[in-house]
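Dumped data_7.pdb below, it's PDB, C-alpha atoms and all ligand atoms:
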MODEL        1
ATOM      1  CA  MET N   1       8.302  11.190 -35.544  1.00  0.00           C
ATOM      2  CA  ASN N   2       4.963  11.249 -33.846  1.00  0.00           C
ATOM      3  CA  THR N   3       2.849   8.193 -33.922  1.00  0.00           C
ATOM      4  CA  GLN N   4      -0.858   8.063 -33.435  1.00  0.00           C
ATOM      5  CA  LYS N   5      -1.224   5.617 -30.656  1.00  0.00           C
ATOM      6  CA  ASN N   6      -3.608   7.506 -28.459  1.00  0.00           C
ATOM      7  CA  THR N   7      -6.780   6.259 -30.014  1.00  0.00           C
ATOM      8  CA  GLN N   8      -8.802   3.323 -28.790  1.00  0.00           C
ATOM      9  CA  ILE N   9      -6.963   2.885 -25.532  1.00  0.00           C
ATOM     10  CA  ASN N  10     -10.114   3.303 -23.528  1.00  0.00           C
ATOM     11  CA  THR N  11     -11.395  -0.234 -23.530  1.00  0.00           C
ATOM     12  CA  GLN N  12     -12.706  -2.185 -20.588  1.00  0.00           C
ATOM     13  CA  THR N  13      -9.286  -3.001 -19.281  1.00  0.00           C
ATOM     14  CA  ASN N  14      -7.540  -0.089 -17.673  1.00  0.00           C
ATOM     15  CA  ALA N  15      -5.142  -1.752 -15.297  1.00  0.00           C
ATOM     16  CA  HIS N  16      -2.801  -4.698 -15.245  1.00  0.00           C
ATOM     17  CA  CYS N  17      -2.030  -6.893 -12.307  1.00  0.00           C
ATOM     18  CA  LYS N  18       1.499  -6.222 -11.095  1.00  0.00           C
ATOM     19  CA  ILE N  19       1.893  -9.903 -10.343  1.00  0.00           C
ATOM     20  CA  CYS N  20       0.441 -11.905 -13.204  1.00  0.00           C
ATOM     21  CA  GLY N  21       0.016  -9.129 -15.782  1.00  0.00           C
ATOM     22  CA  ASN N  22      -3.652  -9.860 -16.302  1.00  0.00           C
ATOM     23  CA  GLY N  23      -5.676  -6.945 -17.513  1.00  0.00           C
ATOM     24  CA  TYR N  24      -8.616  -5.990 -15.363  1.00  0.00           C
ATOM     25  CA  ARG N  25     -10.997  -3.145 -14.889  1.00  0.00           C
ATOM     26  CA  VAL N  26     -10.702  -0.695 -12.032  1.00  0.00           C
ATOM     27  CA  CYS N  27     -12.862   2.365 -11.727  1.00  0.00           C
ATOM     28  CA  ASN N  28     -11.342   5.754 -11.008  1.00  0.00           C
ATOM     29  CA  SER N  29     -12.821   6.009  -7.558  1.00  0.00           C
ATOM     30  CA  CYS N  30     -11.290   2.640  -6.663  1.00  0.00           C
ATOM     31  CA  ARG N  31      -7.962   3.946  -7.835  1.00  0.00           C
ATOM     32  CA  LYS N  32      -8.054   7.053  -5.754  1.00  0.00           C
ATOM     33  CA  SER N  33      -9.586   5.861  -2.548  1.00  0.00           C
ATOM     34  CA  GLN N  34      -7.747   3.842   0.002  1.00  0.00           C
ATOM     35  CA  GLY N  35     -11.117   2.458   0.910  1.00  0.00           C
ATOM     36  CA  PRO N  36     -12.134  -1.127   1.530  1.00  0.00           C
ATOM     37  CA  SER N  37     -10.176  -2.530  -1.418  1.00  0.00           C
ATOM     38  CA  PRO N  38      -6.965  -0.594  -2.044  1.00  0.00           C
ATOM     39  CA  TRP N  39      -5.510  -3.710  -3.656  1.00  0.00           C
ATOM     40  CA  ARG N  40      -7.711  -3.097  -6.678  1.00  0.00           C
ATOM     41  CA  ALA N  41      -5.280  -0.429  -7.807  1.00  0.00           C
ATOM     42  CA  VAL N  42      -2.406  -2.901  -7.914  1.00  0.00           C
ATOM     43  CA  ALA N  43      -3.582  -6.438  -8.531  1.00  0.00           C
ATOM     44  CA  ASP N  44      -6.518  -8.373  -9.903  1.00  0.00           C
ATOM     45  CA  SER N  45      -7.000 -10.405  -6.748  1.00  0.00           C
ATOM     46  CA  MET N  46      -6.353 -10.227  -3.045  1.00  0.00           C
ATOM     47  CA  GLU N  47      -3.930 -13.144  -3.243  1.00  0.00           C
ATOM     48  CA  HIS N  48      -1.856 -11.418  -5.889  1.00  0.00           C
ATOM     49  CA  TYR N  49      -1.858  -8.245  -3.840  1.00  0.00           C
ATOM     50  CA  LYS N  50      -0.408 -10.149  -0.884  1.00  0.00           C
ATOM     51  CA  ILE N  51       2.355 -11.469  -3.117  1.00  0.00           C
ATOM     52  CA  TYR N  52       2.947  -7.968  -4.393  1.00  0.00           C
ATOM     53  CA  LEU N  53       3.337  -6.698  -0.835  1.00  0.00           C
ATOM     54  CA  ALA N  54       5.798  -9.444   0.066  1.00  0.00           C
ATOM     55  CA  VAL N  55       7.937  -8.733  -3.000  1.00  0.00           C
ATOM     56  CA  HIS N  56       7.629  -5.013  -2.451  1.00  0.00           C
ATOM     57  CA  HIS N  57       8.726  -5.247   1.164  1.00  0.00           C
ATOM     58  CA  TYR N  58      11.637  -7.417   0.091  1.00  0.00           C
ATOM     59  CA  THR N  59      12.638  -4.836  -2.512  1.00  0.00           C
ATOM     60  CA  ILE N  60      12.683  -2.146   0.138  1.00  0.00           C
ATOM     61  CA  SER N  61      14.231  -4.024   3.039  1.00  0.00           C
ATOM     62  CA  GLY N  62      16.204  -6.794   1.340  1.00  0.00           C
ATOM     63  CA  ASP N  63      15.020  -8.985   4.202  1.00  0.00           C
ATOM     64  CA  LYS N  64      14.581 -12.461   2.749  1.00  0.00           C
ATOM     65  CA  THR N  65      13.495 -14.045   5.997  1.00  0.00           C
ATOM     66  CA  ALA N  66      10.627 -11.636   6.515  1.00  0.00           C
ATOM     67  CA  ALA N  67       9.627 -11.810   2.860  1.00  0.00           C
ATOM     68  CA  ALA N  68       9.685 -15.609   2.909  1.00  0.00           C
ATOM     69  CA  ALA N  69       7.423 -15.554   5.960  1.00  0.00           C
ATOM     70  CA  GLU N  70       5.010 -13.296   4.084  1.00  0.00           C
ATOM     71  CA  LEU N  71       5.062 -15.554   1.047  1.00  0.00           C
ATOM     72  CA  GLN N  72       4.190 -18.511   3.261  1.00  0.00           C
ATOM     73  CA  ASN N  73       0.811 -16.893   3.710  1.00  0.00           C
ATOM     74  CA  CYS N  74       0.300 -16.369  -0.003  1.00  0.00           C
ATOM     75  CA  ASP N  75      -1.215 -18.609  -2.600  1.00  0.00           C
ATOM     76  CA  LEU N  76       1.560 -19.047  -5.148  1.00  0.00           C
ATOM     77  CA  SER N  77      -0.455 -21.217  -7.481  1.00  0.00           C
ATOM     78  CA  GLY N  78      -0.096 -20.280 -11.118  1.00  0.00           C
ATOM     79  CA  GLN N  79       3.310 -18.897 -10.331  1.00  0.00           C
ATOM     80  CA  GLU N  80       4.650 -19.864 -13.754  1.00  0.00           C
ATOM     81  CA  SER N  81       2.369 -17.287 -15.326  1.00  0.00           C
ATOM     82  CA  PHE N  82       3.517 -14.419 -13.107  1.00  0.00           C
ATOM     83  CA  LEU N  83       5.535 -11.593 -14.603  1.00  0.00           C
ATOM     84  CA  PRO N  84       9.221 -12.553 -15.037  1.00  0.00           C
ATOM     85  CA  GLU N  85      10.481 -10.052 -12.478  1.00  0.00           C
ATOM     86  CA  ILE N  86       8.011 -11.333  -9.907  1.00  0.00           C
ATOM     87  CA  GLN N  87       8.950 -14.934 -10.569  1.00  0.00           C
ATOM     88  CA  SER N  88      12.620 -14.194 -10.131  1.00  0.00           C
ATOM     89  CA  ALA N  89      11.969 -12.189  -6.957  1.00  0.00           C
ATOM     90  CA  ILE N  90       9.970 -15.082  -5.496  1.00  0.00           C
ATOM     91  CA  LYS N  91      12.706 -17.542  -6.409  1.00  0.00           C
ATOM     92  CA  GLU N  92      15.295 -15.310  -4.853  1.00  0.00           C
ATOM     93  CA  ILE N  93      13.294 -14.953  -1.660  1.00  0.00           C
ATOM     94  CA  LEU N  94      12.527 -18.650  -1.358  1.00  0.00           C
ATOM     95  CA  ALA N  95      16.123 -19.593  -2.103  1.00  0.00           C
ATOM     96  CA  GLY N  96      16.676 -18.506   1.461  1.00  0.00           C
ATOM     97  CA  SER N  97      19.493 -16.719   3.160  1.00  0.00           C
TER      98      SER N  97
HETATM   99 ZN    ZN O   1      -2.956 -11.222 -10.873  1.00  0.00          ZN
ENDMDL
END

Rewritten as structure tokens:
Amino acid sequence: MNTQKNTQINTQTNAHCKICGNGYRVCNSCRKSQGPSPWRAVADSMEHYKIYLAVHHYTISGDKTAAAAELQNCDLSGQESFLPEIQSAIKEILAGS
């Protein structure tokens, strides 16, 4: 049962923010390089990248205290529009140990 979904995917948006889910455009060289803006491969803004790192570190280490400290330095505005798994991770972290 093959479907024909592979047409018309190549629009302007080729990436989605791992925090808020917003579509954005990242060029291939941005994706590959770890140059000045590696966050472009993950999130649509620097602030969202910082949140991503905090949640990511928490996922790896399970260290709520460290993750909460990282989140203190992040702008969590618009949090209600973040992806559900990010929202629940943030809640979990900020619920404290
Ligand atoms: Zn975002």

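A distance cut-off of 10 Å from ligand ZN 1 (chain O), applied to all atoms listed in the file, picks out the residues His16, Cys17, Lys18, Ile19, Cys20, Gly21, Asn22, Gly23, Tyr24, Val42, Ala43, Asp44, Ser45, Met46, Glu47, His48, Tyr49, Ile51, Tyr52, Gly78, Gln79, Ser81, Phe82 and Leu83 of chain N.
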
Let me have the centre and edge lengths of the axis-aligned box enclosing all listed atoms of stretch 64-68 of chain N with 3 Å padding on every side, in Å to one decimal, as lines of an AutoDock Vina configuration file.
center_x = 12.1
center_y = -13.6
center_z = 4.6
size_x = 11.0
size_y = 10.0
size_z = 9.8

Explicit residue set for the PyMOL selection byres (((chain N and resi 58) around 12) and not hetatm), as an mmCIF file with C-alpha atoms, keeping the file's coordinate frame:
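And here is the file that came out, out15.cif:
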data_model
loop_
_atom_site.group_PDB
_atom_site.id
_atom_site.type_symbol
_atom_site.label_atom_id
_atom_site.label_comp_id
_atom_site.auth_asym_id
_atom_site.auth_seq_id
_atom_site.Cartn_x
_atom_site.Cartn_y
_atom_site.Cartn_z
ATOM 1 C CA ILE N 51 2.355 -11.469 -3.117
ATOM 2 C CA TYR N 52 2.947 -7.968 -4.393
ATOM 3 C CA LEU N 53 3.337 -6.698 -0.835
ATOM 4 C CA ALA N 54 5.798 -9.444 0.066
ATOM 5 C CA VAL N 55 7.937 -8.733 -3.000
ATOM 6 C CA HIS N 56 7.629 -5.013 -2.451
ATOM 7 C CA HIS N 57 8.726 -5.247 1.164
ATOM 8 C CA THR N 59 12.638 -4.836 -2.512
ATOM 9 C CA ILE N 60 12.683 -2.146 0.138
ATOM 10 C CA SER N 61 14.231 -4.024 3.039
ATOM 11 C CA GLY N 62 16.204 -6.794 1.340
ATOM 12 C CA ASP N 63 15.020 -8.985 4.202
ATOM 13 C CA LYS N 64 14.581 -12.461 2.749
ATOM 14 C CA THR N 65 13.495 -14.045 5.997
ATOM 15 C CA ALA N 66 10.627 -11.636 6.515
ATOM 16 C CA ALA N 67 9.627 -11.810 2.860
ATOM 17 C CA ALA N 68 9.685 -15.609 2.909
ATOM 18 C CA ALA N 69 7.423 -15.554 5.960
ATOM 19 C CA GLU N 70 5.010 -13.296 4.084
ATOM 20 C CA LEU N 71 5.062 -15.554 1.047
ATOM 21 C CA ILE N 86 8.011 -11.333 -9.907
ATOM 22 C CA ALA N 89 11.969 -12.189 -6.957
ATOM 23 C CA ILE N 90 9.970 -15.082 -5.496
ATOM 24 C CA GLU N 92 15.295 -15.310 -4.853
ATOM 25 C CA ILE N 93 13.294 -14.953 -1.660
ATOM 26 C CA LEU N 94 12.527 -18.650 -1.358
#

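Interatomic distance, atom CA of N:Ser29 to atom CA of N:Glu85: 28.7 Å.
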
Point to revise | Atom pair atom CA of N:Ala15 / atom CA of N:Pro38: separation (Å) | key: 13.4 Å

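For the atom pair formed by atom CA of N:Cys74 and atom CA of N:Arg40, the distance is 16.9 Å, given to one decimal.
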